[in-house]
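Trainee: One file: structure09.txt (compact mmCIF, C-alpha atoms and all ligand atoms).
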```txt
# COMPACT_ATOMS: atom_id res chain seq x y z
CA MET A 1 -33.63 8.50 3.35
CA ASP A 2 -30.12 7.05 3.81
CA LYS A 3 -28.82 6.90 7.35
CA ARG A 4 -25.85 8.99 8.39
CA ARG A 5 -22.58 7.46 7.19
CA ILE A 6 -20.61 6.12 10.14
CA LEU A 7 -17.00 5.02 9.73
CA ILE A 8 -15.66 2.86 12.55
CA GLN A 9 -11.90 3.27 12.83
CA LEU A 10 -10.04 0.31 14.33
CA ASP A 11 -6.49 1.34 15.15
CA GLY A 12 -3.90 -0.69 17.05
CA ASP A 13 -1.90 2.39 18.13
CA ALA A 14 -2.22 4.21 21.44
CA HIS A 15 -3.98 7.09 19.68
CA ALA A 16 -6.15 6.52 16.62
CA SER A 17 -4.61 8.25 13.61
CA VAL A 18 -5.71 11.87 13.21
CA PHE A 19 -4.70 11.70 9.54
CA ASP A 20 -7.10 8.81 8.91
CA ARG A 21 -9.90 10.61 10.76
CA VAL A 22 -9.49 13.79 8.74
CA VAL A 23 -9.44 11.88 5.45
CA ALA A 24 -12.55 9.98 6.54
CA ILE A 25 -14.49 13.20 7.06
CA ASP A 26 -13.20 14.68 3.82
CA ALA A 27 -14.25 11.51 2.01
CA GLY A 28 -17.84 11.88 3.14
CA ALA A 29 -18.19 10.05 6.46
CA ASP A 30 -20.69 11.90 8.66
CA GLU A 31 -19.34 10.41 11.88
CA VAL A 32 -16.06 8.69 12.69
CA PHE A 33 -16.05 6.38 15.69
CA SER A 34 -12.37 5.99 16.55
CA TYR A 35 -11.09 3.10 18.62
CA ALA A 36 -7.42 3.04 19.64
CA ASN A 37 -5.24 0.29 21.06
CA VAL A 38 -7.50 -2.29 19.45
CA LYS A 39 -6.42 -5.91 19.83
CA PRO A 40 -7.83 -8.90 17.94
CA GLN A 41 -9.77 -10.00 21.02
CA ASP A 42 -11.60 -6.63 21.07
CA VAL A 43 -12.84 -6.88 17.51
CA GLN A 44 -15.82 -9.22 17.88
CA ALA A 45 -17.73 -6.85 20.17
CA LEU A 46 -16.93 -3.86 17.95
CA VAL A 47 -18.12 -5.66 14.82
CA HIS A 48 -21.28 -6.86 16.56
CA GLY A 49 -22.00 -3.28 17.55
CA ALA A 50 -21.75 -2.37 13.88
CA ILE A 51 -23.84 -5.17 12.36
CA PHE A 52 -26.60 -5.65 14.95
CA THR A 53 -27.85 -2.07 15.16
CA ARG A 54 -29.06 -1.01 11.75
CA GLY A 55 -31.09 -3.37 9.55
CA PRO A 56 -29.36 -5.04 6.56
CA LYS A 57 -30.70 -2.46 4.09
CA ASP A 58 -29.08 0.35 6.08
CA LEU A 59 -25.78 -1.38 6.75
CA LYS A 60 -24.20 0.21 3.71
CA SER A 61 -24.15 3.40 5.77
CA THR A 62 -21.86 1.81 8.34
CA ALA A 63 -18.30 0.78 7.44
CA ILE A 64 -14.99 -0.15 9.05
CA PHE A 65 -11.54 1.31 8.42
CA VAL A 66 -8.57 -0.63 9.77
CA GLY A 67 -5.50 1.53 10.29
CA GLY A 68 -2.62 1.88 12.75
CA SER A 69 1.10 2.05 12.13
CA ASP A 70 1.73 -1.71 12.31
CA VAL A 71 0.59 -3.29 9.04
CA GLY A 72 0.85 -6.87 10.34
CA ALA A 73 -1.31 -5.98 13.32
CA GLY A 74 -3.79 -4.29 10.97
CA GLU A 75 -4.00 -7.42 8.84
CA LYS A 76 -4.92 -9.41 11.94
CA LEU A 77 -7.62 -6.91 12.93
CA MET A 78 -9.05 -6.99 9.40
CA ALA A 79 -9.15 -10.82 9.35
CA GLU A 80 -10.79 -10.87 12.77
CA ALA A 81 -13.40 -8.30 11.74
CA ILE A 82 -14.33 -10.26 8.62
CA LYS A 83 -14.61 -13.43 10.71
CA HIS A 84 -17.28 -11.87 12.92
CA MET A 85 -19.59 -10.65 10.18
CA ILE A 86 -22.61 -12.80 9.32
CA PRO A 87 -23.05 -12.49 5.55
CA LYS A 88 -25.65 -15.21 5.23
CA PHE A 89 -28.13 -12.94 7.03
CA GLY A 90 -26.86 -9.80 5.30
CA LEU A 91 -25.27 -8.75 8.59
CA ARG A 92 -22.03 -7.34 7.37
CA VAL A 93 -20.47 -3.97 6.67
CA SER A 94 -17.86 -2.91 4.13
CA ILE A 95 -14.30 -2.80 5.38
CA MET A 96 -10.92 -1.55 4.20
CA LEU A 97 -7.35 -1.97 5.37
CA ASP A 98 -4.88 0.86 5.05
CA ALA A 99 -2.59 0.41 8.05
CA ASN A 100 0.35 2.80 7.75
CA GLY A 101 -1.05 3.94 4.41
CA ALA A 102 0.50 0.82 2.88
CA ASN A 103 -2.30 -0.15 0.51
CA THR A 104 -3.06 3.32 -0.80
CA THR A 105 0.65 4.15 -1.17
CA ALA A 106 1.46 0.93 -3.01
CA ALA A 107 -1.61 1.31 -5.24
CA ALA A 108 -0.72 4.91 -6.10
CA ALA A 109 2.91 3.98 -6.85
CA VAL A 110 1.97 1.18 -9.22
CA ARG A 111 -0.64 3.40 -10.83
CA ALA A 112 2.02 6.08 -11.37
CA ALA A 113 4.25 3.53 -13.09
CA GLY A 114 1.37 2.32 -15.25
CA ARG A 115 0.89 5.82 -16.67
CA HIS A 116 4.28 5.61 -18.37
CA ILE A 117 5.11 1.98 -18.98
CA GLU A 118 3.17 -1.12 -19.95
CA LEU A 119 3.17 -3.05 -16.69
CA LYS A 120 2.74 -6.47 -18.20
CA SER A 121 6.01 -6.15 -20.07
CA ALA A 122 7.83 -4.15 -17.38
CA LYS A 123 11.07 -5.43 -15.88
CA ALA A 124 10.71 -4.17 -12.35
CA LEU A 125 12.91 -3.94 -9.29
CA VAL A 126 11.30 -3.12 -5.96
CA LEU A 127 13.97 -1.80 -3.61
CA GLY A 128 13.08 -2.21 0.05
CA GLY A 129 10.74 -4.90 -1.23
CA THR A 130 10.43 -6.64 2.14
CA GLY A 131 8.64 -3.79 3.94
CA PRO A 132 4.85 -3.63 4.01
CA VAL A 133 4.69 -1.09 1.19
CA GLY A 134 7.31 -2.84 -0.95
CA GLN A 135 5.63 -6.21 -0.58
CA ARG A 136 2.36 -4.75 -1.79
CA VAL A 137 4.04 -2.96 -4.69
CA ALA A 138 5.66 -6.25 -5.73
CA ARG A 139 2.36 -8.10 -5.41
CA LEU A 140 0.44 -5.57 -7.51
CA LEU A 141 3.14 -5.53 -10.18
CA ALA A 142 3.19 -9.32 -10.26
CA ARG A 143 -0.58 -9.39 -10.73
CA GLU A 144 -0.19 -7.02 -13.65
CA GLY A 145 2.17 -9.54 -15.25
CA ALA A 146 5.42 -7.65 -14.69
CA ASP A 147 8.69 -9.48 -14.19
CA VAL A 148 9.52 -8.46 -10.61
CA ARG A 149 12.78 -8.52 -8.71
CA VAL A 150 12.25 -8.08 -4.99
CA GLY A 151 15.24 -6.38 -3.38
CA SER A 152 16.51 -6.69 0.15
CA ARG A 153 19.79 -6.34 2.00
CA GLN A 154 19.33 -10.06 2.62
CA GLN A 155 18.32 -12.12 -0.38
CA ALA A 156 16.84 -14.79 1.91
CA LYS A 157 14.41 -12.21 3.30
CA ALA A 158 13.35 -11.28 -0.23
CA ALA A 159 12.89 -14.98 -1.01
CA VAL A 160 10.31 -15.28 1.78
CA VAL A 161 8.39 -12.35 0.30
CA CYS A 162 8.52 -13.87 -3.20
CA GLN A 163 7.21 -17.15 -1.82
CA ASP A 164 4.31 -15.41 -0.11
CA ILE A 165 3.38 -13.50 -3.28
CA ALA A 166 3.74 -16.62 -5.44
CA GLY A 167 1.20 -18.31 -3.15
CA ARG A 168 -1.30 -15.52 -3.85
CA VAL A 169 -0.58 -14.69 -7.49
CA PRO A 170 -0.61 -17.62 -9.93
CA ASN A 171 2.15 -17.51 -12.55
CA ALA A 172 3.85 -14.55 -10.89
CA MET A 173 7.34 -13.82 -12.23
CA LEU A 174 9.34 -13.11 -9.08
CA HIS A 175 13.03 -13.13 -8.26
CA PRO A 176 14.57 -12.36 -4.87
CA VAL A 177 17.72 -10.25 -5.15
CA GLY A 178 20.29 -9.00 -2.66
CA THR A 179 21.16 -5.30 -2.79
CA SER A 180 23.67 -4.86 0.03
CA SER A 181 26.86 -4.36 -2.02
CA ASN A 182 27.47 -2.24 -5.12
CA ASP A 183 27.97 -5.39 -7.19
CA GLU A 184 24.73 -6.94 -5.95
CA LEU A 185 22.85 -3.72 -6.61
CA ALA A 186 24.26 -3.48 -10.15
CA ALA A 187 23.17 -7.05 -10.87
CA ALA A 188 19.72 -6.40 -9.40
CA LEU A 189 19.33 -3.29 -11.60
CA GLU A 190 20.59 -4.81 -14.81
CA GLY A 191 17.99 -4.61 -17.59
CA ARG A 192 15.32 -3.12 -15.32
CA THR A 193 12.91 -0.67 -16.92
CA LEU A 194 11.08 0.22 -13.70
CA VAL A 195 12.43 0.80 -10.18
CA ILE A 196 10.16 1.51 -7.25
CA ALA A 197 12.05 2.34 -4.06
CA ALA A 198 10.03 1.47 -0.95
CA GLY A 199 12.88 1.53 1.53
CA ALA A 200 12.87 2.86 5.05
CA ALA A 201 12.65 6.63 5.51
CA GLY A 202 15.93 8.52 5.12
CA ILE A 203 17.85 5.74 3.36
CA VAL A 204 19.33 6.12 -0.16
CA LEU A 205 18.75 2.86 -2.02
CA LEU A 206 19.58 3.94 -5.55
CA PRO A 207 22.53 6.33 -6.05
CA LYS A 208 22.38 8.27 -9.30
CA ALA A 209 25.56 6.68 -10.65
CA ALA A 210 24.04 3.21 -10.28
CA ARG A 211 21.04 3.84 -12.58
CA PRO A 212 21.04 1.31 -15.40
CA ALA A 213 20.78 2.47 -19.03
CA SER A 214 17.59 0.41 -19.38
CA LEU A 215 15.71 2.49 -16.78
CA LYS A 216 12.52 4.21 -17.99
CA VAL A 217 10.54 4.92 -14.81
CA ALA A 218 11.84 5.50 -11.26
CA ILE A 219 9.50 6.01 -8.32
CA ASP A 220 10.62 6.84 -4.79
CA LEU A 221 8.29 6.55 -1.81
CA ASN A 222 10.67 7.90 0.82
CA ALA A 223 9.87 11.53 1.68
CA VAL A 224 12.53 11.90 4.37
CA PRO A 225 15.95 13.19 3.23
CA PRO A 226 18.19 11.74 2.08
CA LEU A 227 15.67 10.43 -0.44
CA GLY A 228 15.56 6.84 -1.66
CA ILE A 229 16.45 7.52 -5.31
CA GLU A 230 19.19 10.07 -5.68
CA GLY A 231 18.33 12.78 -8.21
CA ILE A 232 14.55 12.51 -8.00
CA GLY A 233 12.88 15.39 -6.17
CA VAL A 234 10.34 14.63 -3.47
CA THR A 235 7.62 16.56 -5.34
CA ASP A 236 8.51 15.24 -8.81
CA LYS A 237 5.46 13.89 -10.57
CA GLY A 238 6.18 12.43 -13.96
CA VAL A 239 9.29 14.58 -14.44
CA ASP A 240 11.36 13.45 -17.44
CA GLN A 241 15.10 13.46 -16.68
CA ALA A 242 16.94 12.49 -19.85
CA GLY A 243 14.46 9.76 -20.67
CA VAL A 244 13.79 8.56 -17.12
CA ILE A 245 10.36 9.49 -15.77
CA GLY A 246 10.57 10.18 -12.04
CA TYR A 247 8.15 10.43 -9.16
CA GLY A 248 9.01 11.41 -5.60
CA ALA A 249 6.99 10.53 -2.51
CA ILE A 250 4.93 13.73 -2.56
CA GLY A 251 4.43 13.35 -6.31
CA VAL A 252 2.86 9.95 -5.65
CA GLY A 253 1.08 11.29 -2.56
CA ASP A 254 -1.44 13.28 -4.59
CA THR A 255 -2.82 10.10 -6.16
CA LYS A 256 -2.54 8.29 -2.82
CA MET A 257 -4.85 10.85 -1.20
CA LYS A 258 -7.37 10.59 -4.04
CA VAL A 259 -7.32 6.79 -3.77
CA HIS A 260 -7.74 6.91 0.01
CA LYS A 261 -10.81 9.16 -0.29
CA ALA A 262 -12.30 7.16 -3.15
CA ALA A 263 -11.84 3.96 -1.15
CA ILE A 264 -13.70 5.35 1.84
CA ALA A 265 -16.47 6.75 -0.34
CA SER A 266 -16.85 3.35 -2.03
CA LEU A 267 -17.33 1.64 1.35
CA PHE A 268 -20.70 3.39 1.63
CA GLU A 269 -21.96 2.16 -1.76
CA SER A 270 -22.81 -1.31 -0.43
CA ASN A 271 -22.24 -3.36 2.72
CA ASP A 272 -20.14 -6.13 1.16
CA LYS A 273 -16.85 -4.51 0.12
CA ILE A 274 -13.52 -5.79 1.33
CA LEU A 275 -10.73 -3.47 0.24
CA ASP A 276 -7.20 -4.80 0.53
CA ALA A 277 -4.28 -3.92 -1.76
CA GLU A 278 -5.76 -5.33 -4.98
CA GLU A 279 -9.18 -3.71 -4.59
CA THR A 280 -7.52 -0.43 -3.63
CA TYR A 281 -5.39 -0.62 -6.76
CA GLN A 282 -8.52 -1.10 -8.89
CA LEU A 283 -9.73 2.25 -7.55
CA ALA A 284 -6.33 3.81 -8.30
CA ILE A 285 -6.64 2.91 -11.98
CA GLY A 286 -9.31 5.63 -12.18
CA PHE A 287 -6.74 8.35 -11.38
N1 LIG B 301 3.42 8.74 1.31
C1 LIG B 301 2.89 7.97 2.25
O1 LIG B 301 1.77 8.19 2.66
C2 LIG B 301 3.61 6.79 2.76
C3 LIG B 301 2.90 5.85 3.45
C4 LIG B 301 3.58 4.72 3.90
C5 LIG B 301 4.95 4.62 3.68
N2 LIG B 301 5.61 5.60 3.02
C6 LIG B 301 7.05 5.50 2.79
O2 LIG B 301 7.26 4.35 1.97
C7 LIG B 301 8.50 3.74 2.32
C8 LIG B 301 8.24 2.27 2.65
O3 LIG B 301 7.43 2.14 3.80
P1 LIG B 301 7.52 0.84 4.73
O4 LIG B 301 6.70 1.10 5.94
O5 LIG B 301 7.24 -0.36 3.89
O6 LIG B 301 9.08 0.88 5.09
P2 LIG B 301 9.95 0.10 6.17
O7 LIG B 301 9.23 -1.13 6.57
O8 LIG B 301 10.35 1.04 7.22
O9 LIG B 301 11.26 -0.27 5.35
C9 LIG B 301 11.20 -0.98 4.13
C10 LIG B 301 12.47 -1.77 3.93
O10 LIG B 301 13.59 -0.91 3.92
C11 LIG B 301 14.75 -1.68 4.24
N3 LIG B 301 15.60 -0.98 5.20
C12 LIG B 301 15.32 -0.69 6.49
N4 LIG B 301 16.35 -0.05 7.07
C13 LIG B 301 17.31 0.04 6.12
C14 LIG B 301 18.64 0.57 6.11
N5 LIG B 301 19.16 1.15 7.19
N6 LIG B 301 19.33 0.49 4.96
C15 LIG B 301 18.82 -0.08 3.87
N7 LIG B 301 17.57 -0.62 3.81
C16 LIG B 301 16.83 -0.55 4.93
C17 LIG B 301 14.26 -2.99 4.88
O11 LIG B 301 14.46 -4.04 3.94
P3 LIG B 301 15.60 -5.17 4.13
O12 LIG B 301 15.84 -5.33 5.59
O13 LIG B 301 14.95 -6.35 3.51
O14 LIG B 301 16.78 -4.67 3.39
C18 LIG B 301 12.77 -2.75 5.05
O15 LIG B 301 11.99 -3.92 4.93
C19 LIG B 301 9.05 4.54 3.51
O16 LIG B 301 10.03 5.42 3.05
C20 LIG B 301 7.86 5.27 4.05
O17 LIG B 301 8.20 6.47 4.69
C21 LIG B 301 4.97 6.67 2.53
```
In structure tokens, what does this structure look like?

Mentor:
Amino acid sequence: MDKRRILIQLDGDAHASVFDRVVAIDAGADEVFSYANVKPQDVQALVHGAIFTRGPKDLKSTAIFVGGSDVGAGEKLMAEAIKHMIPKFGLRVSIMLDANGANTTAAAAVRAAGRHIELKSAKALVLGGTGPVGQRVARLLAREGADVRVGSRQQAKAAVVCQDIAGRVPNAMLHPVGTSSNDELAAALEGRTLVIAAGAAGIVLLPKAARPASLKVAIDLNAVPPLGIEGIGVTDKGVDQAGVIGYGAIGVGDTKMKVHKAAIASLFESNDKILDAEETYQLAIGF
């Protein structure tokens, strides 16, 4: 009989996320061991506790979820955890990263776009493209073959993001663009068929009057008024507004939740999964 499914939650925040714990239980974990305030130097002992208890054949029933509000800190915890597994003896457990919901949100947003537009021929603009969610959206779109403009108030900041993605995605079509003035924004939007707004909460990045005629799909991930794309409702989910299909943050959130649960469930299928943005997106394609 399979062992009870234990999810070990590594969270860099002072209190481990209640949201992530609830989703873990709803996704089929029998027990959630939550660790808060986790630093990279704490990870080795936590991973050893996971891999040295059950035998290799039962390790698929133990898995690690890396969360917390700081995505950069989460990436470090994930890298550290992977470093301390011992795959050559089968001593490893499956692991996923979803700090600040960045991977599941980005995956769900790109999936939403892909329902309405062929991604490989899309001309995309990611507004707020330098944040953790925007960077992942840009990366996933680039992998799908889209032509991607990465927007920032400072073009130089977007250029750093493009460089990082180009290092990971061969032949990516990426262009850093500034969006701080109306003229810059108009140039960034020109000819774009897809806009995904991943800007900070409560900031309008795309006023209605600035929408280009070429726009086919507009997706906003900001749920805090004022919303990121003026004219798209927070609960809109594939709403057609005079030829522009729109999604608001809650409209995308439904898929995000499904992806989050599917990702956790998949961790318990084997002990060798590593779910970052790309692997999470593969799960999103099913929804
Ligand atoms: N539904 C969900 O579960 C979920 C999960 C995660 C995130 N979200 C939402 O997704 C969005 C992106 O998240 P995130 O964590 O990546 O965002 P973030 O890091 O807070 O912000 C993203 C980008 O927005 C730009 N920005 C910040 N302040 C601004 C201002 N005052 N004016 C104009 N631009 C500004 C910055 O880019 P530049 O400095 O380069 O201009 C920043 O890199 C947020 O709205 C967040 O609430 C939703």

Trainee: As a PyMOL selection string, please: every protein or nucleic acid residue near ligand LIG 301 (chain B) (cut-off 9 Å, counting all atoms listed in the file).

Mentor: chain A and resi 69-71+99-106+127-136+151-158+178-180+197-205+220-224+227-228+249-254+256-257

Trainee: Expressed in Å to a single decimal, how great is the separation between atom CA of A:Phe65 and atom CA of A:Val137?

Mentor: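 Taking atom CA of A:Phe65 and atom CA of A:Val137, their separation equals 20.8 Å.
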
Trainee: Taking only C-alpha atoms into account, name the residue in A:Gln241, A:Ser34, A:Ser214, A:Thr53 that is nearest to A:Gly191.

Mentor: A:Ser214

Trainee: Write out as a PyMOL selection string the residues lying within 10 Å of A:Arg92, counting only C-alpha atoms and excluding same-chain residues fewer than 2 positions away.

Mentor: chain A and resi 47-48+50-52+56+59-60+62-63+81-82+84-90+94-95+270-273

Trainee: Report the distance between atom CA of A:Ala187 and atom CA of A:Lys216 in Å, rounded to one decimal place.

Mentor: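 Distance reported for this atom pair: 17.1 Å.
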
Trainee: Can you measure atom CA of A:Ser61 to atom CA of A:Asp2 for me? One decimal in Å is fine.

Mentor: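 Straight-line distance from atom CA of A:Ser61 to atom CA of A:Asp2 works out to 7.3 Å.
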
Trainee: Out of A:Ala29, A:Ala262, A:Leu140, A:Val217, which residue has the shortest atom-to-atom distance to A:Lys3 when counting all atoms listed in the file?

Mentor: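 Smallest separation from A:Lys3 among the options: A:Ala29.
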
Trainee: Need the axis-aligned box for stretch 237-255 of chain A with 6 Å each side, so what are the centre and edges in Å to one decimal, as lines of an AutoDock Vina configuration file?

Mentor:
```
center_x = 7.1
center_y = 11.6
center_z = -11.6
size_x = 31.8
size_y = 18.0
size_z = 30.2
```
